[in-house]
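Below: one structure, written as C-alpha cells.
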Amino acid sequence: MERLRYINIPNYVTRTGKTMDVKLSYQIFGRSLDEAPVVLVNHALTGNSDVSGENGWWNRLIGEDQVIDTNYYSVLAFNIPGNGYDGTRDSLIENYKDFRAKDIAEIFAIGLDILQVKRLFAAIGGSVGGGLAWELAVLRPDLIEHLIPVAADWKSTDWIIANCFIQDTILNNSNQGLQTARMHAMTLYRTPESLTDKFKRTTKEQQLYNVESWLDYHGNVLNDRFQLSAYKMMNQILKTIDITEGQKD
C-alpha cells in the first residue's frame, strides 16, 4: 500500500462560520505529481484514499495497464476529513454538521494548491465522491480538463436529503446505529424492482428471507470495518451537495 501523507490546513473557516484546524491525508499512486498528468480520485461514502494496489477500492480500474494506467498517470486520492481512514479523532468529526460538501471540495482545492497541482487531467469520483468532483469543478472552473462523476448528481435531491435525515436519526439514536443505518442505505441504493429481480422472495432456513440475510451481511461487514463517527460525517457531506449554493447563477 502506498503510504499515507498529510497536509495541515490551519484556521479553516467552514461555510457555517466555524474555524478549525484540518488535517488532510492523501495517497499518490503511479508517477510523481510533477512529472505526469494528474488524475484526482474522490472516494465514495464508505471508501478511502487506498484506490489502487492489492486492496485498492478501484484496483480493476486504476493500476499498471488498467484504464487509469499508473505507468502513465499520477493518481492522487484525498481522504474526506473525518472518514476515519487515517485514524484521527478530533473536533472536526464531533462537529460534523458544521461541514458542507462545498467545504470538503475547498479543502481538496487548498490541498492541491499546497501540492502545487495547478491542473488536473481528470477528476473522477463515485457517489459522494462524484458530487465532490462537481463541487470542485465549480470552485475552480479552470482546474479540471475531464470531469467524470460516476453515479453522482450535482445536487442532493429531496429523496437523498430525506434518506440522509433518516440515516442521521438512526446513527444518533440506535444502539446499533452503524449496522442499522447501513441496512437502510442498501435499500436506498436499489429500486424495488431490482430487489425483486435479485431475491424473488426466496428464503433460507427458518424462513429467513434472502433479502433479510443480505441486509444483515452488509450491516455486519460495515460495522466491523467502519466508525460510527465517520458514517455521520460522510452522510452529512452526501446530504449537502449543491453546486448552486452561494452562486448567483
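Residue names in the C-alpha cells use chain letters A, B, ... in the order shown, residue numbers from 1 in each chain, and ligand numbers from 1 in the order shown.
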
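Residues in contact with Lys232 in chain A at up to 8 Å, not including ones fewer than 3 positions away on its chain and judged by only C-alpha atoms, are Tyr96, Asp168, Leu171, Leu228, Ser229, Asn235 and Gln236 of chain A.
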
Next on the checklist: Report as a VMD selection string all protein, DNA and RNA residues lying within 9 Å of range 103-113 of chain A, evaluated on only C-alpha atoms, omitting residues in the same chain fewer than 6 positions from it.
Outcome noted: chain A and resid 7 to 9 12 to 15 22 24 78 80 to 81 132 to 137 139 to 140 237

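When CA of Tyr217 in chain A is paired with CA of Ser174 in chain A, their separation reads 18.2 Å.
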
Query raised in the report: If you run DSSP on this backbone, which residues of range 130-169 of chain A come out as alpha helix (DSSP H), and could you give them as an NGL selection string?
Result: :A and (130-139 or 158-169)

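Within 7 Å of range 179-190 of chain A, once only C-alpha atoms are used and residues closer than 2 positions along the same chain are dropped, the contacting residues are Gln167, Ile170, Leu171, Gln176, Gly177, Pro192, Ser194, Leu195, Leu215, Asp216, His218, Gly219, Asn220, Leu222 and Asn223 of chain A.
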
Export N, CA and C atoms of the chosen residues as a PDB file, in the first residue's frame?
ATOM      1  N   GLN A 167     -30.976   8.387   7.993  1.00  0.00           N
ATOM      2  CA  GLN A 167     -29.691   7.806   8.377  1.00  0.00           C
ATOM      3  C   GLN A 167     -29.127   8.490   9.619  1.00  0.00           C
ATOM      4  N   ILE A 170     -30.985   7.480  12.726  1.00  0.00           N
ATOM      5  CA  ILE A 170     -30.599   6.132  13.151  1.00  0.00           C
ATOM      6  C   ILE A 170     -29.224   6.162  13.822  1.00  0.00           C
ATOM      7  N   LEU A 171     -28.276   6.841  13.191  1.00  0.00           N
ATOM      8  CA  LEU A 171     -26.899   6.872  13.703  1.00  0.00           C
ATOM      9  C   LEU A 171     -26.809   7.489  15.091  1.00  0.00           C
ATOM     10  N   GLN A 176     -27.447   0.171  17.734  1.00  0.00           N
ATOM     11  CA  GLN A 176     -26.708  -0.479  16.653  1.00  0.00           C
ATOM     12  C   GLN A 176     -26.751   0.432  15.430  1.00  0.00           C
ATOM     13  N   GLY A 177     -26.396   1.697  15.671  1.00  0.00           N
ATOM     14  CA  GLY A 177     -26.609   2.727  14.672  1.00  0.00           C
ATOM     15  C   GLY A 177     -25.927   2.467  13.348  1.00  0.00           C
ATOM     16  N   PRO A 192     -37.097  -0.915  -5.956  1.00  0.00           N
ATOM     17  CA  PRO A 192     -37.894  -2.096  -5.593  1.00  0.00           C
ATOM     18  C   PRO A 192     -37.808  -3.193  -6.647  1.00  0.00           C
ATOM     19  N   SER A 194     -35.313  -3.902  -8.679  1.00  0.00           N
ATOM     20  CA  SER A 194     -34.030  -4.602  -8.669  1.00  0.00           C
ATOM     21  C   SER A 194     -33.948  -5.598  -7.516  1.00  0.00           C
ATOM     22  N   LEU A 195     -34.529  -5.245  -6.370  1.00  0.00           N
ATOM     23  CA  LEU A 195     -34.548  -6.175  -5.241  1.00  0.00           C
ATOM     24  C   LEU A 195     -35.420  -7.391  -5.553  1.00  0.00           C
ATOM     25  N   LEU A 215     -29.143  -8.087   3.857  1.00  0.00           N
ATOM     26  CA  LEU A 215     -29.052  -6.839   4.614  1.00  0.00           C
ATOM     27  C   LEU A 215     -28.238  -7.033   5.894  1.00  0.00           C
ATOM     28  N   ASP A 216     -28.475  -8.143   6.585  1.00  0.00           N
ATOM     29  CA  ASP A 216     -27.694  -8.451   7.790  1.00  0.00           C
ATOM     30  C   ASP A 216     -26.199  -8.509   7.471  1.00  0.00           C
ATOM     31  N   HIS A 218     -24.437  -7.097   4.997  1.00  0.00           N
ATOM     32  CA  HIS A 218     -23.836  -5.808   4.697  1.00  0.00           C
ATOM     33  C   HIS A 218     -23.765  -4.915   5.941  1.00  0.00           C
ATOM     34  N   GLY A 219     -24.764  -5.011   6.800  1.00  0.00           N
ATOM     35  CA  GLY A 219     -24.708  -4.255   8.048  1.00  0.00           C
ATOM     36  C   GLY A 219     -23.569  -4.703   8.930  1.00  0.00           C
ATOM     37  N   ASN A 220     -23.375  -6.006   9.034  1.00  0.00           N
ATOM     38  CA  ASN A 220     -22.304  -6.539   9.884  1.00  0.00           C
ATOM     39  C   ASN A 220     -20.920  -6.241   9.316  1.00  0.00           C
ATOM     40  N   LEU A 222     -19.953  -3.698   7.429  1.00  0.00           N
ATOM     41  CA  LEU A 222     -19.580  -2.305   7.648  1.00  0.00           C
ATOM     42  C   LEU A 222     -19.313  -2.041   9.123  1.00  0.00           C
ATOM     43  N   ASN A 223     -20.084  -2.656   9.983  1.00  0.00           N
ATOM     44  CA  ASN A 223     -19.916  -2.470  11.424  1.00  0.00           C
ATOM     45  C   ASN A 223     -18.526  -2.917  11.876  1.00  0.00           C
TER      46      ASN A 223
END
